[in-house]
Each structure stands twice: as structure tokens, then as C-alpha cells.
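Step one of this worksheet: look at the structure below.
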2 protein chains.
Amino acid sequence: MINALTRTDDLMDFAEKLDAYQQRVEEVLDRWLPSDEIPPHKLHEAMRYSVLGGGKRLRPLLVYAAGEALGTPSELLDAPAIAIELMHAFSLVHDDLPAMDDDDLRRGRPTTHVAYDEATAILAADALQPLAFQVLTADPALLEHPASQVALVRLIAEACGSEGMTGGQAIDLASEGQRLEAAELEHMFRLKTGRLLRASILAPACCPPEPDQRGWQALDRFADRIGLAFQIRDDILDVEGETAVIGKQQGADIARNKATYPALFGMDTARARVDELLHGAMQELERFGQNADTLRQLARVIAERDH
Amino acid sequence: MINALTRTDDLMDFAEKLDAYQQRVEEVLDRWLPSDEIPPHKLHEAMRYSVLGGGKRLRPLLVYAAGEALGTPSELLDAPAIAIELMHAFSLVHDDLPAMDDDDLRRGRPTTHVAYDEATAILAADALQPLAFQVLTADPALLEHPASQVALVRLIAEACGSEGMTGGQAIDLASEGQRLEAAELEHMFRLKTGRLLRASILAPACCPPEPDQRGWQALDRFADRIGLAFQIRDDILDVEGETAVIGKQQGADIARNKATYPALFGMDTARARVDELLHGAMQELERFGQNADTLRQLARVIAERDH
């Protein structure tokens, strides 16, 4: 269980591995996104702008890292990794719209409705959703595994619907100016970001070799804790981060009077909760031994990141 | 090939069959749409409002009618029928938004963003998309047929993406105030409404017993002609229909200076084109004999409807 490498070597390996996965994600995204030389040109340009804008690709990284833990052949993971990133990009474009969070800046660049126009932003995101499901059902690597394709479509669709990501955004908007209880806030977090992070971690479990039930459950509990830690860390960064580092306006959630974890419970409680969740998440990975090392390090990145 | 019944009896049978299918669609939609007693309540209420607002259910009817032509067991068709209707409803809600067509009235009732608010309308429609894919992958009737499920997800996703319905809406918006050539206008029609109508007609061909290649191609050509006839008829109704009958503001497209078929080519040419398309469509159904009678009558309804 204890890695033989020193911590420094270990981190270098990890950084190289992340780079390689990120490069792979960019390449596969670029291949699946329609060229802006194909009509409708402006729509395709806006889709590419929305997706290829240099995100951290955290969700695809989680797909590959969880795949390492389960021993999933990595060529089976490109489709779910890219499908999940497309769904994530779709949600960001709509969340940024004037009728929603009304954000002008995302990843340090103008948001899609600012760079183009509102109608184009709505439609570009609308077209990213079906593209995600096209990728899952048309990627050659998965064609021999229709049951896995069905399981992946279902996992990702459930994660993005009204009892997942989109429902979480609706609760978030409705909570503006309201004081939520801890349980309500954590429920909103679980839907808004948690469900798609969970889908990223469980996607490899839909592919051969499928894990046993206990393996699935351990990953599911890991995903739950890490998803919550991610969102609380996000709220902490909203308070203390600098705009230049986090790539969006600092304090934006507070300015909108949105429910955030530090605002409700104080910074110390927020930090302690993240540590507790990270610790619990790590315990769930023990059964996967060294195979889960990348996943462990990603979990640490999520809980300790500064942007 | 010639039905033994008189035309009057025939039409009565047809009307009863349509009623029965429509009732079935309402029941299955009601079962799949989350109850508004489940949180987020307002979002679920808006989703139900957007879908259960009394549409004609033309696309589901086409699914069942094409299924009759192919001899598909009808219990396999509920999921694609409902999934396609959910995707159709999603597109209507977004098309009606202020940043798009800015319509206040749909099916004789306030549009979703008028009845609720813009953010809720955007999110309700966003949640209808994944629900469609959930239905396709979770409906018990299809669980034994994963290859059919994959084919259906792919068919419907492709029909709704940037080179389908959503792309058609983008071209439509971009065409405001422009004079399109006939070929450009028909291309836009093919994407905007044609691709999802085609998916409705080809959905049963994804299920057992799958048709041979020539059967698939005949249905595909039928779908192409009927899809185009539908949209040209829509444009004719926009000119001559009354608001009370068509359920939305008459002349709305002309007021927005949108490209329409009668505006570009005159009413006589538009009507002649619909007749020509209907005739061509009917020829494609010959190989299916009496089994395609419902599909034939639906085609006639599409080409000759007054709302």
C-alpha cells in the first residue's frame, strides 16, 4: 500500500501523468467537436469556444484515475471522459447566462454569451448535450460493449437531470438570499457538482472488467465525499481567492447573496469539513492498493487546490 | 394494398387509433416526468407544464405508426416515443425564450418563461434532455435489447445536435432578414424539424425485428419528404391560419422577417411543393402494404392539417 517512491518522485510522476491525460482529453475533444468549417459555422465556433477554453479537465482526469484503480483498459475511457466534460461545459455556459448567474468571465476569458450572443450561447450548450450521448454511442472503442454503453448513458443522464446537476443549479438559484441549513446546503452541493463528479468516478465501473458490488460501493462513497469536498473548497476559494488565480470574479457568490459554506458556518468549520471528507474518502480507496494512487493524489488536489 | 373498408369507416378507425395512442403517450409521459411533489418542486412543475401542455404528439404518433409498418411490438416503442417528445418539448421551451423567438404563447397557453421565469424555463428544458436519455436506457421493455437502446440513443442524439434540430434553429435565427435560396431554406427545414421527425419514423427500425436495408431506406426517404412537407405546411399556416386555431400568433414568422417558403416562392408554389412531397412519400410506403395504413393517414394529416 505504501508507495516505494519518495514523495518528490511520486509527485513528478503524477504531474507527468496528469499532463499526458490532459493532452489526450484535448485531442479527443478536438476530434469530436464539429469543425467550425462545417455549417452552422458560428454555432460550431461557439461550441468549440465553450469547450476548448482550457479547463482543468478534472472530471476526465477522475475517469482515467478511477479506471486505473479498477484496471479498465484506458481506450474504453475516452468516450465517457469526453462525454462528461461536454456535459460539464454545457452546464457552465447556461449557468453564466444573464438570466442565471450573469457572469462575464470564465477561465479568464469572456463567457460564451459575451463572446457571441445569448441565443448562440443557449444553442451551443444545447448542442453539447446530444454530442455527449453521440460520443458514448458512436465511439468505436465501446461498440463491442453495448451493455456498457447503455450503463454509461444512464449514469451520465441521471447525473445531469433534474435530480442531478440541473436540479442543483435550480436549488442554488432559489436559495439566493435564503439561509439554508447544513443538510440543505450539502444536498444542493451533492446535486449541483457532486452527481457529475460521481459519474466521472463510477464511469469506469460501467466498463469491463466490472468491479464487484463492494468495489462499486467503495468508489461511490469515495465519490460522495470528494464531490462535497470539491464544492466546499470552491466556496472557500470564492472568499479568499484572487480573481487572477481562480479565473472568475472573486466573491461573486457572496455578492449575489448565495448560500455558501463559509458564509453559513465560518471558515474554520469549512476547512475542517474538507479535511474530514478527504480523510473519509481516502479510507474508501484502501481496497484498490497502489492502483488507486493517481486517484488519491487527485483527491488531494481537489481538497487542497488554490484555483 | 387497397383497404377493404370504406373511406369513412377507415377514418373513424384511424381517429380512434390516434386517440388511443395519444392517451398512451400522455400516460407514459406522466409516469416518467418527476412529480412536482419531489424537490426541486418548481423545476419539476415547470418541466411538467412544458411537456403536458396538450401538444398533438405528432412525433410519438409517427413512432407507433412506423412501428405498425415494421411489425415492431408496441411495448418497445413507448421509450423512443416519449424520449422524442421530451426532446421536442425541450426545443420548444428554448426556442420561445426572449433571446430567441421571444414568443409569449404556445399551444394557446403562456410559454414556460412567461408562466415561470427565464432561468426556470432554461433549466426545465435542460433537464428534459437527460430525461429523454434516461427513458431510453431505463425503460424495462427495452432492457433485453441493449443494441437497440444504443441505436436509439445515437439516432435521437444525432437528430437533436448541431447538425440536426439545434443547428436548424441556429440557421433559422441567422436567416432573419436574409433572402435564402430554395436549397438553403430546405436545408434549414431538414435540420430544424426534419431530423427529429425522421428519428421518429426510423426509431422502430432500431428495434427488433429490424428491417432489411431497403426497408430502412424506404422509411428514410419517406421521412425526408414528410419532414419537409410538414415545415412548408407550417409556413403556409403561419400566413393563413388564425391565432385561435394554430395556438400561436399568426404571422409571427413574417413579423420577425424570417425566411419562410411562401414568402420566398409564393403560396401556389408552396402548396404544389407539399403535394409533390406527399405523393413521393406515399410511394415509399408501398412495400409495407396495409401495415403502413396508419402511417399513410398520418402523412396526409401532416400535409393537409390546418393547425
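Following the order of the C-alpha cells, chains are lettered A, B, ..., residues in each are numbered from 1, and ligands are numbered from 1.
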Identify all chain A residues at most 7 Å from chain B by counting only C-alpha atoms; ligands do not count. Present them as a PDB file with C-alpha atoms, in the first residue's frame.
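File produced: result13.pdb:
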```
ATOM      1  CA  PRO A  40     -23.667  26.229 -38.945  1.00  0.00           C
ATOM      2  CA  LEU A  43     -22.681  27.624 -33.666  1.00  0.00           C
ATOM      3  CA  ALA A  99     -30.949  35.029 -16.558  1.00  0.00           C
ATOM      4  CA  MET A 100     -28.870  32.779 -14.262  1.00  0.00           C
ATOM      5  CA  GLU A 118     -27.206  34.978 -25.790  1.00  0.00           C
ATOM      6  CA  ALA A 119     -29.071  32.927 -28.401  1.00  0.00           C
ATOM      7  CA  LEU A 123     -27.922  26.839 -28.553  1.00  0.00           C
ATOM      8  CA  ALA A 127     -25.940  21.062 -28.811  1.00  0.00           C
ATOM      9  CA  PRO A 130     -26.624  15.434 -27.529  1.00  0.00           C
ATOM     10  CA  LEU A 131     -22.978  15.418 -28.643  1.00  0.00           C
ATOM     11  CA  PHE A 133     -24.563  10.986 -25.982  1.00  0.00           C
ATOM     12  CA  GLN A 134     -23.366  10.651 -29.578  1.00  0.00           C
ATOM     13  CA  THR A 137     -22.879   5.542 -28.594  1.00  0.00           C
ATOM     14  CA  PRO A 146     -23.463  -2.236 -25.797  1.00  0.00           C
ATOM     15  CA  ALA A 147     -24.400  -3.013 -22.184  1.00  0.00           C
ATOM     16  CA  GLN A 149     -22.748   1.980 -23.417  1.00  0.00           C
ATOM     17  CA  VAL A 150     -26.274   1.754 -22.021  1.00  0.00           C
ATOM     18  CA  VAL A 153     -25.655   6.817 -20.950  1.00  0.00           C
ATOM     19  CA  ARG A 154     -27.892   6.134 -17.984  1.00  0.00           C
ATOM     20  CA  ALA A 157     -28.076  11.254 -17.978  1.00  0.00           C
ATOM     21  CA  GLU A 158     -29.195  10.680 -14.374  1.00  0.00           C
ATOM     22  CA  CYS A 160     -27.295  15.758 -15.282  1.00  0.00           C
ATOM     23  CA  GLY A 161     -31.073  15.816 -14.920  1.00  0.00           C
ATOM     24  CA  SER A 162     -33.494  17.468 -12.551  1.00  0.00           C
ATOM     25  CA  THR A 166     -29.593  20.828 -13.377  1.00  0.00           C
ATOM     26  CA  GLY A 167     -31.719  20.383 -10.259  1.00  0.00           C
ATOM     27  CA  ALA A 170     -32.242  25.339  -9.733  1.00  0.00           C
ATOM     28  CA  ILE A 171     -31.925  24.940  -5.945  1.00  0.00           C
TER      29      ILE A 171
END
```
Enumerate, as a ChimeraX atom specification, the complete set of residues in region 121-247 of chain A that a backbone-based DSSP assignment places in helix (DSSP H, G or I). /A:121-138,140-142,146-160,165-174,182-206,213-240,243-246
Taking into account only C-alpha atoms, which residue in the set A:Ala281, A:Leu191, A:Leu105, A:Ile84 is nearest to Ala203 (chain A)? A:Ile84
When you draw a straight line from CA of Ala141 (chain B) to CA of Pro140 (chain A), how long is it in Å?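 Pair CA of Ala141 (chain B) / CA of Pro140 (chain A) returns 26.4 Å.
Considering the residues B:Ala65, B:Ile236, B:Ala263, B:Leu277 and counting only C-alpha atoms, Asp293 (chain B) has its shortest atom-to-atom contact with B:Ala65.
With CA of Ile302 (chain A) on one side and CA of Glu184 (chain A) on the other, the separation reads 22.2 Å.
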